[in-house]
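**Student:** First, the structure itself, so that you have it in front of you.
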Amino acid sequence: MGNGAAEGSVTACVLLIGDELLSGRTKDANLSYIARYLGDMGIQVREARMIPDVEAVIVETLNEVRAAYDYVFTTGGIGPTHDDITADCVAKAFGVPIGHHPEAMAILTKHYEETGNPFTEARKRMARIPEGASLIPNPVSKAPGFQMENVFVMAGIPMIMQVMMDGLAGRLKGGRKMLSATVSCEMGEGQLAEGLGTLQAAHPDVSIGSYPFFVGKRYGTSIVMRSVDEAALASVQDRVRSLMRELGAVPIEGDVRAAS
């Protein structure tokens with residue numbers, strides 16, 4: 001487990017793997033889903049990286065982040081084609097052999113028999129799993145993902161990734177949930193900046209973000225505060241309201257853009 005567990009929080013990193021993502025040919029639709037799904041469980045996504053289908057990059061990145069975070073979730077690169085190299089890279093990162101997993105082979109053999117499609121050598125690549133890994137079920141297209149220690153390897157296709165995530169609920173242990181509060185006002189963030197900086201320095205356990213908004217002819221700033229400590233969050237929220245009033249602005253609860 002990574003360093004977050006000692007602080008009462010559980011942390012995660014998401015690796016989005018694929019040349020098609022970096023070229024812009026495919027738009028990522030997985031990170032937001034994974035972050036929200038894990039957030040509801042009390043697992044905080046602290047980092048996400050989009051990396052190419054390059055063995056050295058995948059292996060080096062995976063070894064770095066699996067040591068730094070409690071959980072790592074990867075998407076992409078576990079299909080039947082030559083450029084689907086994620087499983088091989090995971091095996092190399094962990095220093096274990098890779099081969100056709102008996103259970104995965106049985107699942108796919110039955111699937112292709114039922115569909116009447118040939119179980120080709122290319123399709124058998126989807127049953128190649130690093131030694132010691134456990135399977136992640138795939139009710140949609142049957143080709144499984146897998147778990148290797150704290151690393152969860154899933155498909156890049158959003159529909160399949162989502163059902164794989166649903167199958168992980170019993171394997172994941174969450175920590176303290178991240179709470180959030182937003183206060184807005186019709187004032188530029190430059191006027192709030194100094195006071196917010198002082199607040200942040202005084203309350204390191206609360207993350208304070210400043211986001212300008214433009215809605216029609218209205219403009220201003222939304223201050224988003226996040227913390228696992230409910231009392232600390234409420235205290236900073238009150239101080240942000242007070243800061244706005246001191247500077248001549250009227251606090252507005254919530255995100256102005258969301259309410260418009």
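Naming works like this for the structure tokens: A, B, ... for the chains as they're shown, residue 1 at the start of each chain, ligands 1 onward in shown order.
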Taking only stretch 40-215 of chain A into account, list the residues labelled helix (DSSP H, G or I) by DSSP (computed from the backbone), as a tab-separated table (two decimals) with N, CA, C and O atoms, in the first residue's frame.

**Tutor:**
```tsv
chain	number	residue	atom	x	y	z
A	40	ASP	N	-16.53	7.70	-4.66
A	40	ASP	CA	-17.70	7.27	-3.89
A	40	ASP	C	-17.34	6.18	-2.89
A	40	ASP	O	-18.06	5.96	-1.90
A	55	GLU	N	6.76	-0.33	-24.58
A	55	GLU	CA	7.03	-1.22	-23.45
A	55	GLU	C	7.83	-0.55	-22.33
A	55	GLU	O	7.45	-0.61	-21.16
A	56	ALA	N	8.93	0.10	-22.67
A	56	ALA	CA	9.78	0.69	-21.65
A	56	ALA	C	9.04	1.75	-20.84
A	56	ALA	O	9.21	1.84	-19.61
A	57	VAL	N	8.20	2.53	-21.51
A	57	VAL	CA	7.45	3.58	-20.82
A	57	VAL	C	6.42	2.96	-19.88
A	57	VAL	O	6.27	3.38	-18.73
A	58	ILE	N	5.70	1.95	-20.37
A	58	ILE	CA	4.67	1.32	-19.54
A	58	ILE	C	5.29	0.66	-18.31
A	58	ILE	O	4.82	0.83	-17.18
A	59	VAL	N	6.36	-0.09	-18.50
A	59	VAL	CA	7.00	-0.80	-17.39
A	59	VAL	C	7.54	0.18	-16.36
A	59	VAL	O	7.30	0.03	-15.14
A	60	GLU	N	8.26	1.20	-16.83
A	60	GLU	CA	8.85	2.17	-15.89
A	60	GLU	C	7.77	2.93	-15.14
A	60	GLU	O	7.86	3.12	-13.92
A	61	THR	N	6.74	3.37	-15.85
A	61	THR	CA	5.66	4.13	-15.21
A	61	THR	C	4.92	3.28	-14.20
A	61	THR	O	4.63	3.72	-13.08
A	62	LEU	N	4.61	2.05	-14.58
A	62	LEU	CA	3.86	1.17	-13.70
A	62	LEU	C	4.63	0.89	-12.41
A	62	LEU	O	4.06	0.95	-11.31
A	63	ASN	N	5.91	0.63	-12.52
A	63	ASN	CA	6.70	0.37	-11.32
A	63	ASN	C	6.78	1.59	-10.42
A	63	ASN	O	6.83	1.47	-9.18
A	64	GLU	N	6.82	2.76	-11.03
A	64	GLU	CA	6.86	4.00	-10.24
A	64	GLU	C	5.56	4.21	-9.47
A	64	GLU	O	5.58	4.44	-8.25
A	65	VAL	N	4.43	4.12	-10.16
A	65	VAL	CA	3.17	4.49	-9.51
A	65	VAL	C	2.63	3.41	-8.60
A	65	VAL	O	1.95	3.70	-7.60
A	66	ARG	N	2.94	2.14	-8.86
A	66	ARG	CA	2.43	1.09	-7.97
A	66	ARG	C	3.11	1.13	-6.61
A	66	ARG	O	2.56	0.64	-5.61
A	67	ALA	N	4.30	1.74	-6.57
A	67	ALA	CA	4.99	1.91	-5.29
A	67	ALA	C	4.53	3.15	-4.56
A	67	ALA	O	4.67	3.25	-3.33
A	68	ALA	N	3.95	4.09	-5.29
A	68	ALA	CA	3.59	5.38	-4.69
A	68	ALA	C	2.14	5.46	-4.24
A	68	ALA	O	1.80	6.29	-3.39
A	86	THR	N	-0.10	-4.42	-23.01
A	86	THR	CA	-0.17	-4.09	-21.59
A	86	THR	C	0.08	-5.30	-20.69
A	86	THR	O	0.83	-5.22	-19.71
A	87	ALA	N	-0.52	-6.44	-21.02
A	87	ALA	CA	-0.35	-7.64	-20.17
A	87	ALA	C	1.12	-8.04	-20.11
A	87	ALA	O	1.65	-8.37	-19.03
A	88	ASP	N	1.81	-8.01	-21.26
A	88	ASP	CA	3.23	-8.36	-21.27
A	88	ASP	C	4.05	-7.37	-20.44
A	88	ASP	O	5.00	-7.76	-19.75
A	89	CYS	N	3.66	-6.10	-20.52
A	89	CYS	CA	4.39	-5.08	-19.76
A	89	CYS	C	4.19	-5.24	-18.26
A	89	CYS	O	5.12	-5.04	-17.47
A	90	VAL	N	2.98	-5.61	-17.86
A	90	VAL	CA	2.72	-5.83	-16.44
A	90	VAL	C	3.56	-7.02	-15.95
A	90	VAL	O	4.16	-6.97	-14.86
A	91	ALA	N	3.61	-8.08	-16.73
A	91	ALA	CA	4.42	-9.24	-16.36
A	91	ALA	C	5.89	-8.84	-16.20
A	91	ALA	O	6.56	-9.25	-15.25
A	92	LYS	N	6.37	-8.03	-17.13
A	92	LYS	CA	7.77	-7.60	-17.06
A	92	LYS	C	8.00	-6.71	-15.85
A	92	LYS	O	9.03	-6.82	-15.16
A	93	ALA	N	7.05	-5.82	-15.54
A	93	ALA	CA	7.19	-4.93	-14.39
A	93	ALA	C	7.28	-5.71	-13.08
A	93	ALA	O	8.02	-5.35	-12.17
A	94	PHE	N	6.52	-6.82	-13.01
A	94	PHE	CA	6.51	-7.62	-11.79
A	94	PHE	C	7.56	-8.74	-11.82
A	94	PHE	O	7.73	-9.46	-10.83
A	102	PRO	N	-5.58	-20.81	-17.72
A	102	PRO	CA	-6.58	-21.87	-17.98
A	102	PRO	C	-8.02	-21.40	-17.88
A	102	PRO	O	-8.85	-21.74	-18.74
A	103	GLU	N	-8.34	-20.61	-16.86
A	103	GLU	CA	-9.71	-20.15	-16.71
A	103	GLU	C	-10.09	-19.18	-17.82
A	103	GLU	O	-11.19	-19.23	-18.37
A	104	ALA	N	-9.17	-18.28	-18.17
A	104	ALA	CA	-9.44	-17.33	-19.25
A	104	ALA	C	-9.63	-18.08	-20.57
A	104	ALA	O	-10.50	-17.74	-21.38
A	105	MET	N	-8.81	-19.10	-20.80
A	105	MET	CA	-8.95	-19.90	-22.03
A	105	MET	C	-10.31	-20.59	-22.06
A	105	MET	O	-10.97	-20.64	-23.11
A	106	ALA	N	-10.74	-21.12	-20.92
A	106	ALA	CA	-12.03	-21.81	-20.87
A	106	ALA	C	-13.18	-20.85	-21.14
A	106	ALA	O	-14.13	-21.18	-21.87
A	107	ILE	N	-13.10	-19.65	-20.55
A	107	ILE	CA	-14.15	-18.64	-20.75
A	107	ILE	C	-14.25	-18.26	-22.22
A	107	ILE	O	-15.34	-18.20	-22.81
A	108	LEU	N	-13.10	-18.01	-22.85
A	108	LEU	CA	-13.10	-17.56	-24.24
A	108	LEU	C	-13.44	-18.70	-25.20
A	108	LEU	O	-14.11	-18.48	-26.22
A	109	THR	N	-12.99	-19.92	-24.89
A	109	THR	CA	-13.34	-21.07	-25.73
A	109	THR	C	-14.86	-21.24	-25.78
A	109	THR	O	-15.45	-21.40	-26.86
A	110	LYS	N	-15.50	-21.19	-24.63
A	110	LYS	CA	-16.96	-21.31	-24.57
A	110	LYS	C	-17.64	-20.18	-25.30
A	110	LYS	O	-18.61	-20.38	-26.05
A	111	HIS	N	-17.12	-18.96	-25.13
A	111	HIS	CA	-17.71	-17.78	-25.77
A	111	HIS	C	-17.69	-17.92	-27.29
A	111	HIS	O	-18.71	-17.69	-27.97
A	112	TYR	N	-16.55	-18.31	-27.85
A	112	TYR	CA	-16.45	-18.40	-29.30
A	112	TYR	C	-17.20	-19.60	-29.86
A	112	TYR	O	-17.70	-19.57	-30.99
A	113	GLU	N	-17.33	-20.65	-29.07
A	113	GLU	CA	-18.16	-21.78	-29.49
A	113	GLU	C	-19.62	-21.36	-29.57
A	113	GLU	O	-20.34	-21.71	-30.51
A	114	GLU	N	-20.06	-20.58	-28.58
A	114	GLU	CA	-21.46	-20.14	-28.55
A	114	GLU	C	-21.77	-19.14	-29.65
A	114	GLU	O	-22.89	-19.11	-30.18
A	115	THR	N	-20.80	-18.31	-29.99
A	115	THR	CA	-21.03	-17.29	-31.02
A	115	THR	C	-20.76	-17.82	-32.42
A	115	THR	O	-21.15	-17.19	-33.42
A	121	GLU	N	-5.59	-17.63	-33.03
A	121	GLU	CA	-4.40	-17.37	-32.21
A	121	GLU	C	-4.39	-15.93	-31.72
A	121	GLU	O	-3.96	-15.65	-30.60
A	122	ALA	N	-4.84	-15.01	-32.57
A	122	ALA	CA	-4.90	-13.60	-32.17
A	122	ALA	C	-5.84	-13.43	-30.98
A	122	ALA	O	-5.53	-12.71	-30.02
A	123	ARG	N	-7.00	-14.08	-31.05
A	123	ARG	CA	-7.96	-13.97	-29.95
A	123	ARG	C	-7.46	-14.65	-28.68
A	123	ARG	O	-7.80	-14.24	-27.57
A	124	LYS	N	-6.64	-15.67	-28.84
A	124	LYS	CA	-6.07	-16.34	-27.67
A	124	LYS	C	-5.11	-15.43	-26.91
A	124	LYS	O	-4.82	-15.66	-25.74
A	125	ARG	N	-4.61	-14.38	-27.58
A	125	ARG	CA	-3.76	-13.41	-26.89
A	125	ARG	C	-4.49	-12.79	-25.69
A	125	ARG	O	-3.87	-12.40	-24.70
A	126	MET	N	-5.82	-12.69	-25.79
A	126	MET	CA	-6.60	-12.06	-24.72
A	126	MET	C	-6.68	-12.95	-23.48
A	126	MET	O	-7.17	-12.52	-22.44
A	127	ALA	N	-6.20	-14.21	-23.59
A	127	ALA	CA	-6.18	-15.11	-22.43
A	127	ALA	C	-4.79	-15.18	-21.81
A	127	ALA	O	-4.57	-15.92	-20.85
A	158	PRO	N	-14.97	1.93	-23.01
A	158	PRO	CA	-15.66	2.40	-21.80
A	158	PRO	C	-16.71	1.44	-21.25
A	158	PRO	O	-16.76	1.19	-20.04
A	159	MET	N	-17.56	0.88	-22.11
A	159	MET	CA	-18.62	-0.01	-21.62
A	159	MET	C	-18.03	-1.22	-20.90
A	159	MET	O	-18.52	-1.65	-19.84
A	160	ILE	N	-16.94	-1.77	-21.45
A	160	ILE	CA	-16.32	-2.94	-20.85
A	160	ILE	C	-15.57	-2.55	-19.57
A	160	ILE	O	-15.64	-3.25	-18.55
A	161	MET	N	-14.86	-1.44	-19.62
A	161	MET	CA	-14.16	-0.97	-18.42
A	161	MET	C	-15.13	-0.79	-17.26
A	161	MET	O	-14.84	-1.15	-16.12
A	162	GLN	N	-16.30	-0.24	-17.54
A	162	GLN	CA	-17.26	0.04	-16.47
A	162	GLN	C	-17.79	-1.22	-15.81
A	162	GLN	O	-17.93	-1.28	-14.58
A	163	VAL	N	-18.06	-2.27	-16.60
A	163	VAL	CA	-18.54	-3.51	-15.97
A	163	VAL	C	-17.40	-4.20	-15.22
A	163	VAL	O	-17.62	-4.89	-14.22
A	164	MET	N	-16.16	-4.00	-15.69
A	164	MET	CA	-15.03	-4.54	-14.94
A	164	MET	C	-14.90	-3.84	-13.59
A	164	MET	O	-14.65	-4.48	-12.56
A	165	MET	N	-15.08	-2.51	-13.58
A	165	MET	CA	-15.04	-1.76	-12.31
A	165	MET	C	-16.09	-2.27	-11.35
A	165	MET	O	-15.84	-2.41	-10.15
A	166	ASP	N	-17.28	-2.58	-11.86
A	166	ASP	CA	-18.36	-3.08	-11.01
A	166	ASP	C	-17.97	-4.39	-10.34
A	166	ASP	O	-18.43	-4.70	-9.24
A	169	ALA	N	-15.68	-4.16	-6.73
A	169	ALA	CA	-16.14	-3.55	-5.47
A	169	ALA	C	-15.70	-4.33	-4.24
A	169	ALA	O	-15.29	-3.75	-3.23
A	170	GLY	N	-15.76	-5.64	-4.30
A	170	GLY	CA	-15.41	-6.45	-3.13
A	170	GLY	C	-13.92	-6.56	-2.89
A	170	GLY	O	-13.50	-7.01	-1.82
A	171	ARG	N	-13.10	-6.10	-3.84
A	171	ARG	CA	-11.65	-6.21	-3.70
A	171	ARG	C	-11.01	-4.91	-3.21
A	171	ARG	O	-9.83	-4.90	-2.85
A	189	GLU	N	-11.06	36.74	-9.43
A	189	GLU	CA	-10.24	35.96	-8.51
A	189	GLU	C	-8.97	36.72	-8.10
A	189	GLU	O	-8.40	36.43	-7.04
A	190	GLY	N	-8.55	37.69	-8.89
A	190	GLY	CA	-7.37	38.47	-8.52
A	190	GLY	C	-7.58	39.24	-7.23
A	190	GLY	O	-6.63	39.44	-6.45
A	191	GLN	N	-8.82	39.67	-6.97
A	191	GLN	CA	-9.12	40.40	-5.73
A	191	GLN	C	-9.15	39.47	-4.53
A	191	GLN	O	-8.92	39.89	-3.40
A	192	LEU	N	-9.44	38.20	-4.77
A	192	LEU	CA	-9.53	37.23	-3.68
A	192	LEU	C	-8.20	36.52	-3.42
A	192	LEU	O	-8.02	35.89	-2.37
A	193	ALA	N	-7.28	36.63	-4.37
A	193	ALA	CA	-6.08	35.80	-4.36
A	193	ALA	C	-5.26	35.89	-3.08
A	193	ALA	O	-4.85	34.87	-2.51
A	194	GLU	N	-4.99	37.08	-2.62
A	194	GLU	CA	-4.14	37.23	-1.44
A	194	GLU	C	-4.77	36.59	-0.22
A	194	GLU	O	-4.12	35.85	0.54
A	195	GLY	N	-6.06	36.87	-0.01
A	195	GLY	CA	-6.75	36.30	1.14
A	195	GLY	C	-6.85	34.78	1.07
A	195	GLY	O	-6.70	34.09	2.08
A	196	LEU	N	-7.06	34.25	-0.14
A	196	LEU	CA	-7.13	32.80	-0.31
A	196	LEU	C	-5.79	32.15	-0.03
A	196	LEU	O	-5.71	31.06	0.56
A	197	GLY	N	-4.72	32.81	-0.44
A	197	GLY	CA	-3.38	32.29	-0.17
A	197	GLY	C	-3.11	32.19	1.31
A	197	GLY	O	-2.52	31.20	1.79
A	198	THR	N	-3.53	33.20	2.05
A	198	THR	CA	-3.36	33.19	3.50
A	198	THR	C	-4.17	32.07	4.14
A	198	THR	O	-3.69	31.36	5.04
A	199	LEU	N	-5.41	31.88	3.65
A	199	LEU	CA	-6.28	30.82	4.16
A	199	LEU	C	-5.67	29.44	3.90
A	199	LEU	O	-5.66	28.57	4.76
A	200	GLN	N	-5.15	29.25	2.67
A	200	GLN	CA	-4.58	27.96	2.33
A	200	GLN	C	-3.38	27.62	3.20
A	200	GLN	O	-3.22	26.49	3.66
A	201	ALA	N	-2.55	28.63	3.46
A	201	ALA	CA	-1.37	28.41	4.29
A	201	ALA	C	-1.76	28.04	5.72
A	201	ALA	O	-1.08	27.25	6.38
A	202	ALA	N	-2.86	28.58	6.18
A	202	ALA	CA	-3.32	28.32	7.54
A	202	ALA	C	-4.08	27.01	7.67
A	202	ALA	O	-4.23	26.47	8.78
```

**Student:** Mind checking DSSP for stretch 103-249 of chain A and telling me the strand (DSSP E or B) residues as a PyMOL selection string?

**Tutor:** chain A and resi 128-130+134-136+145-148+151-154+179-185+207-215+218-227

**Student:** What does the file look like for those residues with C-alpha atoms, as a PDB file, in the first residue's frame?

**Tutor:**
```pdb
ATOM      1  CA  ARG A 128      -2.498 -14.389 -21.778  1.00  0.00           C
ATOM      2  CA  ILE A 129      -2.243 -13.368 -18.113  1.00  0.00           C
ATOM      3  CA  PRO A 130       0.835 -12.755 -15.915  1.00  0.00           C
ATOM      4  CA  SER A 134      -6.391 -13.068 -10.641  1.00  0.00           C
ATOM      5  CA  LEU A 135      -9.013 -12.435 -13.313  1.00  0.00           C
ATOM      6  CA  ILE A 136     -11.412  -9.490 -13.504  1.00  0.00           C
ATOM      7  CA  GLY A 145      -8.986  -8.114 -17.222  1.00  0.00           C
ATOM      8  CA  PHE A 146      -6.729  -9.038 -14.328  1.00  0.00           C
ATOM      9  CA  GLN A 147      -5.383  -7.941 -10.950  1.00  0.00           C
ATOM     10  CA  MET A 148      -1.689  -8.185 -10.084  1.00  0.00           C
ATOM     11  CA  VAL A 151      -2.609  -3.131 -10.036  1.00  0.00           C
ATOM     12  CA  PHE A 152      -5.926  -3.578 -11.863  1.00  0.00           C
ATOM     13  CA  VAL A 153      -5.687  -3.998 -15.639  1.00  0.00           C
ATOM     14  CA  MET A 154      -8.857  -3.245 -17.580  1.00  0.00           C
ATOM     15  CA  LEU A 179     -15.900  16.105   0.902  1.00  0.00           C
ATOM     16  CA  SER A 180     -16.439  19.196  -1.196  1.00  0.00           C
ATOM     17  CA  ALA A 181     -18.061  22.632  -0.808  1.00  0.00           C
ATOM     18  CA  THR A 182     -18.329  25.566  -3.204  1.00  0.00           C
ATOM     19  CA  VAL A 183     -18.921  29.266  -2.536  1.00  0.00           C
ATOM     20  CA  SER A 184     -19.080  31.762  -5.416  1.00  0.00           C
ATOM     21  CA  CYS A 185     -19.216  35.515  -5.773  1.00  0.00           C
ATOM     22  CA  SER A 207      -7.572  22.060  -0.646  1.00  0.00           C
ATOM     23  CA  ILE A 208      -8.754  25.472  -1.889  1.00  0.00           C
ATOM     24  CA  GLY A 209      -9.242  26.004  -5.625  1.00  0.00           C
ATOM     25  CA  SER A 210     -10.203  29.225  -7.414  1.00  0.00           C
ATOM     26  CA  TYR A 211     -12.166  29.018 -10.692  1.00  0.00           C
ATOM     27  CA  PRO A 212     -13.370  32.057 -12.670  1.00  0.00           C
ATOM     28  CA  PHE A 213     -16.797  31.884 -14.311  1.00  0.00           C
ATOM     29  CA  PHE A 214     -18.529  33.806 -17.095  1.00  0.00           C
ATOM     30  CA  VAL A 215     -22.292  33.373 -17.366  1.00  0.00           C
ATOM     31  CA  ARG A 218     -22.015  37.969 -15.153  1.00  0.00           C
ATOM     32  CA  TYR A 219     -18.489  37.066 -14.170  1.00  0.00           C
ATOM     33  CA  GLY A 220     -16.893  36.121 -10.918  1.00  0.00           C
ATOM     34  CA  THR A 221     -15.149  33.349  -9.047  1.00  0.00           C
ATOM     35  CA  SER A 222     -16.142  29.996  -7.577  1.00  0.00           C
ATOM     36  CA  ILE A 223     -14.060  28.789  -4.643  1.00  0.00           C
ATOM     37  CA  VAL A 224     -14.024  25.001  -4.342  1.00  0.00           C
ATOM     38  CA  MET A 225     -12.863  23.522  -1.034  1.00  0.00           C
ATOM     39  CA  ARG A 226     -12.105  19.828  -0.543  1.00  0.00           C
ATOM     40  CA  SER A 227     -11.150  17.854   2.561  1.00  0.00           C
TER      41      SER A 227
END
```

**Student:** Excluding A:Gly156 and any residue of its chain fewer than 5 positions from it, enumerate the residues within 10 Å of it, using only C-alpha atoms, and give them as a PDB file with N, CA, C and O atoms, in the first residue's frame.

**Tutor:**
```pdb
ATOM      1  N   LEU A  16      -3.781   5.642 -18.428  1.00  0.00           N
ATOM      2  CA  LEU A  16      -4.547   5.518 -19.657  1.00  0.00           C
ATOM      3  C   LEU A  16      -3.546   5.191 -20.761  1.00  0.00           C
ATOM      4  O   LEU A  16      -2.724   6.032 -21.131  1.00  0.00           O
ATOM      5  N   ILE A  17      -3.608   3.970 -21.269  1.00  0.00           N
ATOM      6  CA  ILE A  17      -2.570   3.483 -22.171  1.00  0.00           C
ATOM      7  C   ILE A  17      -3.082   3.404 -23.607  1.00  0.00           C
ATOM      8  O   ILE A  17      -4.134   2.809 -23.870  1.00  0.00           O
ATOM      9  N   GLY A  18      -2.340   4.023 -24.528  1.00  0.00           N
ATOM     10  CA  GLY A  18      -2.725   3.881 -25.929  1.00  0.00           C
ATOM     11  C   GLY A  18      -2.250   5.017 -26.812  1.00  0.00           C
ATOM     12  O   GLY A  18      -2.469   6.189 -26.496  1.00  0.00           O
ATOM     13  N   ASP A  28     -10.553  10.103 -24.558  1.00  0.00           N
ATOM     14  CA  ASP A  28     -10.704   9.343 -23.316  1.00  0.00           C
ATOM     15  C   ASP A  28     -12.058   9.601 -22.671  1.00  0.00           C
ATOM     16  O   ASP A  28     -12.489  10.740 -22.533  1.00  0.00           O
ATOM     17  N   ALA A  29     -12.709   8.503 -22.288  1.00  0.00           N
ATOM     18  CA  ALA A  29     -13.984   8.611 -21.588  1.00  0.00           C
ATOM     19  C   ALA A  29     -13.950   7.824 -20.288  1.00  0.00           C
ATOM     20  O   ALA A  29     -14.985   7.603 -19.662  1.00  0.00           O
ATOM     21  N   ASN A  30     -12.753   7.394 -19.886  1.00  0.00           N
ATOM     22  CA  ASN A  30     -12.640   6.502 -18.731  1.00  0.00           C
ATOM     23  C   ASN A  30     -12.230   7.180 -17.428  1.00  0.00           C
ATOM     24  O   ASN A  30     -12.678   6.787 -16.351  1.00  0.00           O
ATOM     25  N   THR A  74      -5.302   0.542 -14.770  1.00  0.00           N
ATOM     26  CA  THR A  74      -4.893   0.818 -16.138  1.00  0.00           C
ATOM     27  C   THR A  74      -6.048   0.527 -17.082  1.00  0.00           C
ATOM     28  O   THR A  74      -6.882  -0.355 -16.819  1.00  0.00           O
ATOM     29  N   THR A  75      -6.107   1.266 -18.189  1.00  0.00           N
ATOM     30  CA  THR A  75      -7.090   0.987 -19.237  1.00  0.00           C
ATOM     31  C   THR A  75      -6.365   0.917 -20.569  1.00  0.00           C
ATOM     32  O   THR A  75      -5.460   1.698 -20.837  1.00  0.00           O
ATOM     33  N   GLY A  76      -6.777  -0.043 -21.397  1.00  0.00           N
ATOM     34  CA  GLY A  76      -6.258  -0.142 -22.750  1.00  0.00           C
ATOM     35  C   GLY A  76      -5.131  -1.141 -22.911  1.00  0.00           C
ATOM     36  O   GLY A  76      -4.392  -1.450 -21.970  1.00  0.00           O
ATOM     37  N   GLY A  77      -5.026  -1.674 -24.132  1.00  0.00           N
ATOM     38  CA  GLY A  77      -3.891  -2.507 -24.481  1.00  0.00           C
ATOM     39  C   GLY A  77      -3.995  -3.967 -24.112  1.00  0.00           C
ATOM     40  O   GLY A  77      -2.969  -4.644 -23.989  1.00  0.00           O
ATOM     41  N   ILE A  78      -5.236  -4.503 -23.929  1.00  0.00           N
ATOM     42  CA  ILE A  78      -5.352  -5.927 -23.591  1.00  0.00           C
ATOM     43  C   ILE A  78      -6.204  -6.666 -24.626  1.00  0.00           C
ATOM     44  O   ILE A  78      -6.810  -7.689 -24.315  1.00  0.00           O
ATOM     45  N   GLY A  79      -6.229  -6.158 -25.850  1.00  0.00           N
ATOM     46  CA  GLY A  79      -6.989  -6.788 -26.923  1.00  0.00           C
ATOM     47  C   GLY A  79      -6.187  -7.846 -27.661  1.00  0.00           C
ATOM     48  O   GLY A  79      -5.140  -8.312 -27.197  1.00  0.00           O
ATOM     49  N   MET A 161     -14.864  -1.436 -19.616  1.00  0.00           N
ATOM     50  CA  MET A 161     -14.164  -0.972 -18.422  1.00  0.00           C
ATOM     51  C   MET A 161     -15.135  -0.785 -17.264  1.00  0.00           C
ATOM     52  O   MET A 161     -14.844  -1.147 -16.117  1.00  0.00           O
ATOM     53  N   GLN A 162     -16.296  -0.241 -17.536  1.00  0.00           N
ATOM     54  CA  GLN A 162     -17.264   0.043 -16.475  1.00  0.00           C
ATOM     55  C   GLN A 162     -17.785  -1.225 -15.815  1.00  0.00           C
ATOM     56  O   GLN A 162     -17.930  -1.276 -14.584  1.00  0.00           O
TER      57      GLN A 162
END
```

**Student:** Using only C-alpha atoms, which protein or nucleic acid residues come within 10 Å of A:Lys173? Drop anything in the same chain fewer than 4 positions from it, and give the result as an MDAnalysis selection string.

**Tutor:** chainID A and resid 10 38 41:43 70:71 169

**Student:** Include C-alpha atoms and write out the residues we just selected as a JSON list (two decimals), in the first residue's frame.

**Tutor:**
```json
[["chain", "number", "residue", "atom", "x", "y", "z"],
["A", 10, "VAL", "CA", -6.58, 5.62, 0.30],
["A", 38, "LEU", "CA", -13.50, 5.40, -6.65],
["A", 41, "MET", "CA", -15.78, 4.43, -2.23],
["A", 42, "GLY", "CA", -13.39, 6.74, -0.38],
["A", 43, "ILE", "CA", -10.47, 6.15, -2.76],
["A", 70, "ASP", "CA", -2.43, 2.19, -2.79],
["A", 71, "TYR", "CA", -4.06, 1.21, -6.08],
["A", 169, "ALA", "CA", -16.14, -3.55, -5.47]]
```

**Student:** Find the residue from A:Asp83, A:Pro137, A:Val72, A:Phe119 that sits nearest to A:Glu149; use only C-alpha atoms when measuring.

**Tutor:**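 Going through A:Asp83, A:Pro137, A:Val72, A:Phe119 one by one, the smallest distance to A:Glu149 is for A:Val72.
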